[in-house]
file target.tsv (TSV, C-alpha atoms)
chain	number	residue	atom	x	y	z
A	162	MET	CA	81.44	127.23	111.89
A	163	ILE	CA	82.78	126.29	115.29
A	164	VAL	CA	86.49	126.74	116.01
A	165	LYS	CA	89.18	126.36	118.64
A	166	ASP	CA	92.78	127.36	117.99
A	167	GLU	CA	92.46	127.29	114.20
A	168	GLU	CA	94.67	130.26	113.32
A	169	ARG	CA	96.66	128.27	110.76
A	170	THR	CA	93.68	127.56	108.45
A	171	LEU	CA	90.81	129.80	109.55
A	172	GLY	CA	91.67	132.78	107.37
A	173	ARG	CA	91.83	130.55	104.30
A	174	VAL	CA	88.32	129.09	104.65
A	175	LEU	CA	86.73	132.41	105.64
A	176	LYS	CA	88.17	134.06	102.55
A	177	LEU	CA	86.70	131.30	100.39
A	178	ALA	CA	83.32	131.37	102.17
A	179	SER	CA	83.04	135.15	101.82
A	180	GLU	CA	82.67	134.67	98.07
A	181	PHE	CA	79.19	133.18	98.45
A	182	CYS	CA	78.03	133.88	102.02
A	183	ASP	CA	76.03	136.94	103.09
A	184	GLU	CA	77.13	136.55	106.72
A	185	LEU	CA	79.97	134.67	108.41
A	186	ILE	CA	79.24	133.19	111.84
A	187	VAL	CA	82.17	131.92	113.90
A	188	VAL	CA	81.56	130.33	117.28
A	189	ASP	CA	84.72	130.04	119.35
A	190	THR	CA	84.90	127.29	121.97
A	191	GLY	CA	87.97	128.48	123.86
A	192	SER	CA	90.77	129.56	121.53
A	193	THR	CA	94.04	130.76	123.01
A	194	ASP	CA	95.63	131.68	119.66
A	195	ARG	CA	94.66	134.38	117.12
A	196	SER	CA	91.51	132.62	115.86
A	197	ILE	CA	89.09	135.25	117.20
A	198	GLU	CA	91.17	138.10	115.81
A	199	ILE	CA	91.45	136.42	112.40
A	200	ALA	CA	87.68	135.81	112.29
A	201	LYS	CA	86.93	139.46	113.06
A	202	GLU	CA	89.44	140.64	110.46
A	203	ALA	CA	87.57	138.52	107.89
A	204	GLY	CA	84.30	140.27	108.77
A	205	ALA	CA	82.77	137.40	110.74
A	206	LYS	CA	80.42	137.78	113.66
A	207	VAL	CA	82.15	136.04	116.57
A	208	PHE	CA	80.34	134.37	119.46
A	209	HIS	CA	81.61	132.35	122.42
A	210	PHE	CA	80.39	128.93	123.52
A	211	ASP	CA	81.63	127.27	126.70
A	212	TRP	CA	83.00	123.89	125.62
A	213	ILE	CA	81.00	121.02	127.15
A	214	TYR	CA	82.61	118.17	125.15
A	215	ASP	CA	79.69	118.06	122.73
A	216	PHE	CA	80.19	119.06	119.09
A	217	ALA	CA	76.47	118.86	118.30
A	218	ALA	CA	75.64	121.35	121.07
A	219	ALA	CA	78.26	123.79	119.77
A	220	ARG	CA	77.00	123.47	116.18
A	221	ASN	CA	73.38	123.98	117.27
A	222	TYR	CA	74.47	127.15	119.05
A	223	SER	CA	76.22	128.33	115.88
A	224	PHE	CA	73.04	127.73	113.86
A	225	SER	CA	71.02	129.73	116.38
A	226	LYS	CA	73.12	132.79	115.52
A	227	CYS	CA	72.38	132.62	111.78
A	228	ALA	CA	69.90	135.13	110.37
A	229	SER	CA	69.77	134.14	106.69
A	230	ASP	CA	67.24	131.76	105.14
A	231	TRP	CA	69.92	129.22	104.19
A	232	ILE	CA	72.96	128.01	106.13
A	233	ILE	CA	76.11	126.39	104.83
A	234	TRP	CA	78.38	124.94	107.52
A	235	LEU	CA	82.12	124.53	107.10
A	236	ASP	CA	85.07	123.53	109.25
A	237	ALA	CA	88.20	125.61	109.65
A	238	ASP	CA	90.28	123.07	107.72
A	239	ASP	CA	87.90	122.78	104.75
A	240	VAL	CA	88.93	123.89	101.26
A	241	LEU	CA	86.75	124.69	98.24
A	242	SER	CA	87.98	124.77	94.66
A	243	PRO	CA	87.14	127.70	92.35
A	244	ARG	CA	84.80	125.34	90.48
A	245	SER	CA	82.92	124.40	93.68
A	246	ILE	CA	82.61	128.05	94.65
A	247	HIS	CA	81.19	128.83	91.21
A	248	GLU	CA	78.67	125.97	91.49
A	249	ILE	CA	77.57	127.07	94.96
A	250	LYS	CA	77.00	130.60	93.68
A	251	GLN	CA	74.84	129.22	90.87
A	252	LEU	CA	73.00	126.94	93.29
A	253	LYS	CA	72.36	129.77	95.75
A	254	ALA	CA	70.28	131.62	93.17
A	255	LYS	CA	68.07	128.55	92.63
A	256	LEU	CA	67.36	127.45	96.22
A	257	THR	CA	63.66	127.00	96.96
A	258	GLU	CA	61.58	125.49	99.74
A	259	GLN	CA	61.12	122.40	97.58
A	260	HIS	CA	64.13	121.04	99.49
A	261	ASP	CA	65.31	121.41	103.07
A	262	GLY	CA	68.95	121.14	102.18
A	263	VAL	CA	71.65	120.17	99.73
A	264	ALA	CA	74.11	117.29	100.14
A	265	MET	CA	77.56	117.63	98.58
A	266	THR	CA	80.62	115.42	98.31
A	267	TYR	CA	82.93	115.64	101.30
A	268	ARG	CA	86.40	114.44	100.30
A	269	TYR	CA	87.91	113.44	103.60
A	270	VAL	CA	91.16	111.49	103.13
A	271	PHE	CA	93.85	112.00	100.50
A	272	SER	CA	96.97	110.10	99.50
A	273	PRO	CA	100.38	111.83	99.53
A	274	GLN	CA	99.96	112.16	95.75
A	275	GLY	CA	96.68	114.05	96.21
A	276	ASP	CA	94.27	111.27	95.20
A	277	CYS	CA	91.01	111.21	97.16
A	278	LEU	CA	90.77	107.94	99.11
A	279	VAL	CA	87.64	108.47	101.23
A	280	SER	CA	84.58	110.54	100.35
A	281	TYR	CA	80.88	110.62	101.05
A	282	LEU	CA	77.80	112.76	100.56
A	283	ARG	CA	77.17	115.08	103.47
A	284	GLU	CA	74.41	117.59	104.16
A	285	ARG	CA	76.06	121.01	103.77
A	286	ILE	CA	73.39	123.58	102.96
A	287	LEU	CA	70.34	123.66	105.25
A	288	ARG	CA	67.13	125.66	105.09
A	289	ARG	CA	66.91	127.47	108.44
A	290	GLY	CA	63.11	127.30	108.41
A	291	ALA	CA	63.24	123.49	108.39
A	292	GLY	CA	64.76	123.57	111.88
A	293	PRO	CA	67.96	121.59	111.22
A	294	HIS	CA	69.27	120.05	114.44
A	295	TRP	CA	72.64	118.46	115.20
A	296	VAL	CA	72.89	115.23	117.21
A	297	PHE	CA	75.72	113.15	118.80
A	298	PRO	CA	78.62	114.61	120.80
A	299	VAL	CA	81.23	113.23	118.34
A	300	HIS	CA	80.88	112.49	114.61
A	301	GLU	CA	77.88	114.77	114.81
A	302	CYS	CA	75.33	114.95	112.02
A	303	ILE	CA	72.03	116.58	111.15
A	304	GLU	CA	68.97	114.75	112.45
A	305	LEU	CA	67.27	114.15	109.13
A	306	LYS	CA	63.72	113.18	110.17
A	307	GLU	CA	61.53	114.05	107.18
A	308	MET	CA	63.98	116.48	105.60
A	309	LYS	CA	64.27	116.44	101.81
A	310	PHE	CA	67.71	116.90	100.28
A	311	ALA	CA	68.87	117.72	96.79
A	312	LEU	CA	72.00	115.77	95.83
A	313	ARG	CA	74.95	117.59	94.26
A	314	PRO	CA	77.83	115.09	94.25
A	315	ASP	CA	79.60	117.26	91.67
A	316	ILE	CA	80.21	119.97	94.29
A	317	THR	CA	83.14	118.99	96.49
A	318	ILE	CA	84.46	120.24	99.81
A	319	ASP	CA	87.91	118.97	100.78
A	320	HIS	CA	89.17	118.21	104.27
A	321	LYS	CA	92.72	119.56	104.36
A	322	PRO	CA	93.81	119.66	108.03
A	323	ASP	CA	96.95	121.24	109.35
A	324	ASP	CA	99.32	118.50	110.51
A	325	GLU	CA	100.39	120.34	113.67
A	326	LYS	CA	96.79	120.97	114.67
A	327	GLN	CA	95.91	117.31	114.13
A	328	LYS	CA	98.44	116.28	116.77
A	329	THR	CA	96.52	118.21	119.44
A	330	LYS	CA	93.32	116.23	118.69
A	331	VAL	CA	94.77	112.81	119.51
A	332	GLY	CA	92.52	110.96	121.94
A	333	ARG	CA	89.92	113.74	122.08
A	334	ASN	CA	87.05	111.81	120.48
A	335	LEU	CA	87.75	108.68	122.49
A	336	LYS	CA	87.49	110.59	125.77
A	337	ILE	CA	84.20	112.22	124.77
A	338	LEU	CA	82.70	108.89	123.74
A	339	GLU	CA	83.89	107.18	126.92
A	340	GLU	CA	81.77	109.65	128.85
A	341	ALA	CA	78.78	109.28	126.51
A	342	ILE	CA	78.59	105.47	126.77
A	343	LYS	CA	78.53	105.55	130.58
A	344	ASP	CA	74.83	106.31	130.23
A	345	GLU	CA	72.97	103.02	129.75
A	346	ALA	CA	70.37	104.88	127.70
A	347	THR	CA	72.97	106.36	125.35
A	348	ASP	CA	72.06	106.57	121.69
A	349	PRO	CA	73.18	103.39	119.87
A	350	ARG	CA	75.21	105.51	117.45
A	351	ASN	CA	77.57	106.41	120.30
A	352	LEU	CA	78.33	102.70	120.75
A	353	PHE	CA	79.14	102.42	117.03
A	354	ASN	CA	81.35	105.51	117.08
A	355	TYR	CA	83.14	104.28	120.21
A	356	ALA	CA	83.86	100.93	118.55
A	357	LYS	CA	85.20	102.75	115.51
A	358	GLU	CA	87.48	104.94	117.64
A	359	LEU	CA	88.76	101.87	119.50
A	360	CYS	CA	89.67	100.32	116.13
A	361	GLY	CA	91.73	103.38	115.35
A	362	TRP	CA	93.60	102.83	118.61
A	363	ARG	CA	94.08	99.14	117.71
A	364	LYS	CA	92.03	97.99	120.69
A	365	PHE	CA	90.40	95.32	118.55
A	366	GLU	CA	89.03	93.03	121.27
A	367	LEU	CA	87.17	95.85	122.99
A	368	ALA	CA	86.08	97.32	119.66
A	369	SER	CA	84.61	93.97	118.63
A	370	GLU	CA	82.65	93.86	121.89
A	371	TYR	CA	81.16	97.30	121.28
A	372	TYR	CA	80.28	96.47	117.70
A	373	ASP	CA	78.31	93.55	119.14
A	374	ARG	CA	76.57	95.85	121.60
A	375	TYR	CA	75.64	98.14	118.74
A	376	LEU	CA	74.39	95.24	116.62
A	377	ASP	CA	71.93	94.42	119.40
A	378	ARG	CA	70.40	97.89	118.90
A	379	TYR	CA	71.23	98.85	115.29
A	380	GLU	CA	69.14	101.57	113.64
A	381	SER	CA	68.98	100.46	110.01
A	382	GLU	CA	70.19	97.78	107.61
A	383	THR	CA	72.86	100.17	106.34
A	384	SER	CA	74.22	100.78	109.83
A	385	ARG	CA	74.01	97.06	110.57
A	386	TYR	CA	76.22	96.37	107.54
A	387	ASP	CA	78.70	99.06	108.64
A	388	ALA	CA	78.97	97.56	112.13
A	389	MET	CA	79.38	94.04	110.77
A	390	MET	CA	82.21	95.15	108.52
A	391	GLY	CA	83.78	97.08	111.38
A	392	LYS	CA	83.80	93.88	113.41
A	393	VAL	CA	85.19	91.94	110.43
A	394	ALA	CA	88.18	94.29	110.40
A	395	CYS	CA	88.69	93.66	114.12
A	396	LEU	CA	88.51	89.89	113.72
A	397	MET	CA	90.95	89.90	110.82
A	398	ALA	CA	93.37	92.08	112.82
A	399	LEU	CA	93.11	89.56	115.68
A	400	LYS	CA	93.98	86.72	113.25
A	401	ARG	CA	90.53	85.21	113.70
A	402	ASP	CA	90.20	84.91	109.93
A	403	ASN	CA	87.55	82.17	109.79
A	404	GLU	CA	85.20	84.16	112.04
A	405	GLY	CA	85.88	87.30	110.04
A	406	ALA	CA	85.20	85.57	106.71
A	407	ALA	CA	81.94	84.11	108.02
A	408	LEU	CA	80.77	87.53	109.17
A	409	ALA	CA	81.86	89.15	105.88
A	410	LEU	CA	79.80	86.57	104.01
A	411	GLU	CA	76.80	87.40	106.22
A	412	ALA	CA	77.30	91.10	105.45
A	413	LEU	CA	77.55	90.30	101.75
A	414	MET	CA	74.19	88.55	101.90
A	415	LEU	CA	72.78	91.66	103.55
A	416	ASP	CA	74.13	94.09	100.93
A	417	SER	CA	75.95	92.96	97.79
A	418	SER	CA	76.19	96.47	96.34
A	419	ARG	CA	79.23	97.44	98.42
A	420	ALA	CA	82.78	96.36	97.79
A	421	ASP	CA	84.35	95.97	101.23
A	422	ALA	CA	82.73	92.60	102.03
A	423	PHE	CA	83.87	91.21	98.66
A	424	ASN	CA	87.39	92.48	99.32
A	425	GLN	CA	87.57	90.98	102.80
A	426	LEU	CA	86.53	87.60	101.42
A	427	GLY	CA	89.07	87.98	98.62
A	428	LEU	CA	91.77	88.79	101.17
A	429	PHE	CA	90.77	85.76	103.23
A	430	HIS	CA	91.64	83.47	100.32
A	431	PHE	CA	94.56	85.64	99.19
A	432	ARG	CA	96.31	85.22	102.55
A	433	LYS	CA	96.02	81.46	102.12
A	434	SER	CA	97.58	81.74	98.61
A	435	ASP	CA	94.34	80.38	97.15
A	436	TRP	CA	94.52	82.65	94.09
A	437	LYS	CA	91.69	81.04	92.12
A	438	LYS	CA	89.22	81.44	94.99
A	439	ALA	CA	90.30	85.03	95.65
A	440	ILE	CA	89.86	86.25	92.06
A	441	PRO	CA	86.02	86.12	91.89
A	442	PHE	CA	85.67	88.24	95.02
A	443	PHE	CA	88.13	90.92	93.88
A	444	SER	CA	86.52	90.86	90.41
A	445	ALA	CA	83.11	91.48	91.96
A	446	ALA	CA	84.46	94.40	94.00
A	447	VAL	CA	86.05	96.14	91.02
A	448	SER	CA	82.90	95.71	88.91
A	449	LEU	CA	80.66	97.61	91.35
A	450	PRO	CA	79.72	101.28	90.86
A	451	VAL	CA	81.00	103.56	93.59
A	452	PRO	CA	78.03	104.46	95.85
A	453	LEU	CA	77.23	108.04	96.75
A	454	SER	CA	75.14	107.50	99.85
A	455	ASN	CA	77.65	105.94	102.25
A	456	ILE	CA	81.00	106.81	103.73
A	457	MET	CA	83.26	104.80	101.55
A	458	SER	CA	86.86	104.44	100.52
A	459	SER	CA	87.21	104.66	96.76
A	460	VAL	CA	90.22	102.35	96.92
A	461	GLU	CA	87.81	99.51	97.84
A	462	TYR	CA	86.35	99.79	94.32
A	463	THR	CA	89.54	100.52	92.41
A	464	SER	CA	93.15	100.13	93.45
A	465	LEU	CA	92.73	97.55	96.24
A	466	PRO	CA	90.94	94.85	94.21
A	467	ASN	CA	92.91	95.69	91.04
A	468	GLU	CA	96.23	95.37	92.83
A	469	HIS	CA	95.28	92.01	94.32
A	470	LEU	CA	93.86	90.76	91.02
A	471	SER	CA	97.21	91.61	89.47
A	472	ILE	CA	99.10	89.56	92.05
A	473	CYS	CA	96.66	86.64	91.79
A	474	HIS	CA	97.01	86.41	88.02
A	475	ALA	CA	100.78	86.77	88.27
A	476	ARG	CA	100.92	83.90	90.74
A	477	LEU	CA	98.85	81.84	88.32
A	478	GLY	CA	101.31	82.63	85.51
A	479	ASP	CA	99.12	84.95	83.42
A	480	MET	CA	101.44	87.96	83.18
A	481	LYS	CA	99.40	89.84	80.57
A	482	LYS	CA	96.31	89.90	82.79
A	483	ALA	CA	98.49	90.66	85.79
A	484	MET	CA	99.91	93.73	84.03
A	485	GLU	CA	96.45	94.85	82.93
A	486	PHE	CA	95.21	94.96	86.54
A	487	ALA	CA	98.47	96.40	87.84
A	488	LEU	CA	98.12	99.37	85.47
A	489	LYS	CA	94.52	99.91	86.57
A	490	SER	CA	95.59	99.85	90.21
A	491	LEU	CA	97.98	102.75	89.64
A	492	GLU	CA	95.13	105.19	88.95
A	493	ASN	CA	94.53	106.00	92.62
A	494	LEU	CA	96.86	103.72	94.54
A	495	PRO	CA	98.06	105.61	97.66
A	496	ASP	CA	101.60	104.24	97.40
A	497	LYS	CA	102.58	103.21	93.88
A	498	THR	CA	106.09	101.99	94.76
A	499	ALA	CA	105.24	98.30	95.24
A	500	ALA	CA	102.93	98.20	92.20
A	501	ILE	CA	105.60	99.67	89.93
A	502	LYS	CA	108.14	97.17	91.27
A	503	ASN	CA	105.65	94.37	90.55
A	504	LEU	CA	105.17	95.67	87.00
A	505	HIS	CA	108.92	95.48	86.35
A	506	TRP	CA	108.88	91.92	87.67
A	507	MET	CA	105.98	91.01	85.31
A	508	VAL	CA	107.73	92.55	82.31
A	509	ASP	CA	110.83	90.50	83.10
A	510	ARG	CA	108.72	87.32	83.17
A	511	LEU	CA	107.20	88.18	79.80
call {"tool": "encode", "arguments": {"input": "target.tsv", "output": "structure tokens"}}
result
Amino acid sequence: MIVKDEERTLGRVLKLASEFCDELIVVDTGSTDRSIEIAKEAGAKVFHFDWIYDFAAARNYSFSKCASDWIIWLDADDVLSPRSIHEIKQLKAKLTEQHDGVAMTYRYVFSPQGDCLVSYLRERILRRGAGPHWVFPVHECIELKEMKFALRPDITIDHKPDDEKQKTKVGRNLKILEEAIKDEATDPRNLFNYAKELCGWRKFELASEYYDRYLDRYESETSRYDAMMGKVACLMALKRDNEGAALALEALMLDSSRADAFNQLGLFHFRKSDWKKAIPFFSAAVSLPVPLSNIMSSVEYTSLPNEHLSICHARLGDMKKAMEFALKSLENLPDKTAAIKNLHWMVDRL
């Protein structure tokens, strides 16, 4: 792992990792707290890497210090359940050169109630002999090439950051990407990541422009869809709903197996109080299986369409159906307050 000022969570993850790792490698990129001391106390080998605003470079350096045949990478704010640790131990005994790595479920965003809202499969265990290599200065990932991965979605690693530490990271990624895109020959993925960061800062006009620049150079149909939906979000935020709906429909024609385009089209009609036209889109979203291969928000397949289906049916006077969807929406709705209030209202109408 690579760390900088992670004293609040580092000991936790190293203790968990020591249950299945033969060596612990910690690369420090400039800590001024007790991170180095904590790592050494946990039995880790500690190395220093001069920070050059490039996460991939730091991770590649950390991999270069590994001596074992297989590498698992973790972040200082990751958490593994006892069940995941048990499964990794079992998996470790079965690893062969048939695969170059193992992808596991990374649960990245949680509601205040503890429900997972965003998760995706991510390469976690890599065979050192396959030469795994990190790319991109921010939102770094393994360059897959011809690598073969076994899929273990049942093994989960949770992102549980420290709130105080998160405050120190504000604006960091944006600054790194601003430097990366100055190069005209920059990798297209940096344009996509920059647009995504701009969205997070609510700079929707500029984000939309960079999504367009990425779409001129997109790498795959999957990434094209992601960029189109990123731009849809920008257009909707800018109140350019007709443009956003047209682009969402184009994305839907490209890939009808993902829920976010259906939901955006449902929301387009929902905002116009056209309940009958909104229902088929939300119904399509909630009927889809949750994909494993993409970064996705589980609420797009569950609580979001169910909640809006409930409101649509209520507005059309069908309280029984409205209650049915309202109850379904509660399963992993981030904030249940409004839904419960709506349920009381529906009961009163019945």
call {"tool": "closest_atom_pairs", "arguments": {"input": "target.tsv", "of": "range 238-353 of chain A", "to": "range 455-472 of chain A", "cutoff": "8 Å", "atoms": "only C-alpha atoms", "output": "CSV"}}
result
residue,atom,partner,partner_atom,distance
A:Cys277,CA,A:Ser459,CA,7.6
A:Leu278,CA,A:Ser459,CA,5.4
A:Val279,CA,A:Ser458,CA,4.2
A:Ser280,CA,A:Met457,CA,6.0
A:Tyr281,CA,A:Ile456,CA,4.7
A:Leu282,CA,A:Asn455,CA,7.0
call {"tool": "residues_near_point", "arguments": {"input": "target.tsv", "point": "(94.0, 113.9, 103.4)", "cutoff": "6 Å", "atoms": "only C-alpha atoms", "output": "list in words"}}
result
Val270, Phe271 and Lys321 of chain A
call {"tool": "atom_distance", "arguments": {"input": "target.tsv", "atom1": "CA of Phe431 in chain A", "atom2": "CA of Ser444 in chain A"}}
result
13.0 Å
call {"tool": "closest_residue", "arguments": {"input": "target.tsv", "among": "A:Asp323, A:Glu345, A:Glu366, A:Asp377", "to": "Arg169 in chain A", "atoms": "all atoms listed in the file"}}
result
A:Asp323
call {"tool": "atom_distance", "arguments": {"input": "target.tsv", "atom1": "CA of Arg285 in chain A", "atom2": "CA of Lys309 in chain A"}}
result
12.8 Å
call {"tool": "closest_residue", "arguments": {"input": "target.tsv", "among": "A:Ser229, A:Ser242, A:Ser196, A:Ser490", "to": "Asp183 in chain A", "atoms": "all atoms listed in the file"}}
result
A:Ser229
call {"tool": "closest_residue", "arguments": {"input": "target.tsv", "among": "A:Arg476, A:Lys206, A:Arg510, A:Arg268", "to": "His320 in chain A", "atoms": "all atoms listed in the file"}}
result
A:Arg268
call {"tool": "closest_residue", "arguments": {"input": "target.tsv", "among": "A:Arg220, A:Lys400, A:Lys438, A:Arg173", "to": "Asp238 in chain A", "atoms": "all atoms listed in the file"}}
result
A:Arg173
call {"tool": "residues_around", "arguments": {"input": "target.tsv", "residues": "Ile337 in chain A", "least_positions_apart": "3", "cutoff": "12 Å", "atoms": "only C-alpha atoms", "output": "list in words"}}
result
Trp212, Ile213, Tyr214, Asp215, Phe216, Phe297, Pro298, Val299, His300, Lys330, Val331, Gly332, Arg333, Asn334, Glu340, Ala341, Ile342, Lys343, Asn351, Leu352, Asn354, Tyr355 and Glu358 of chain A
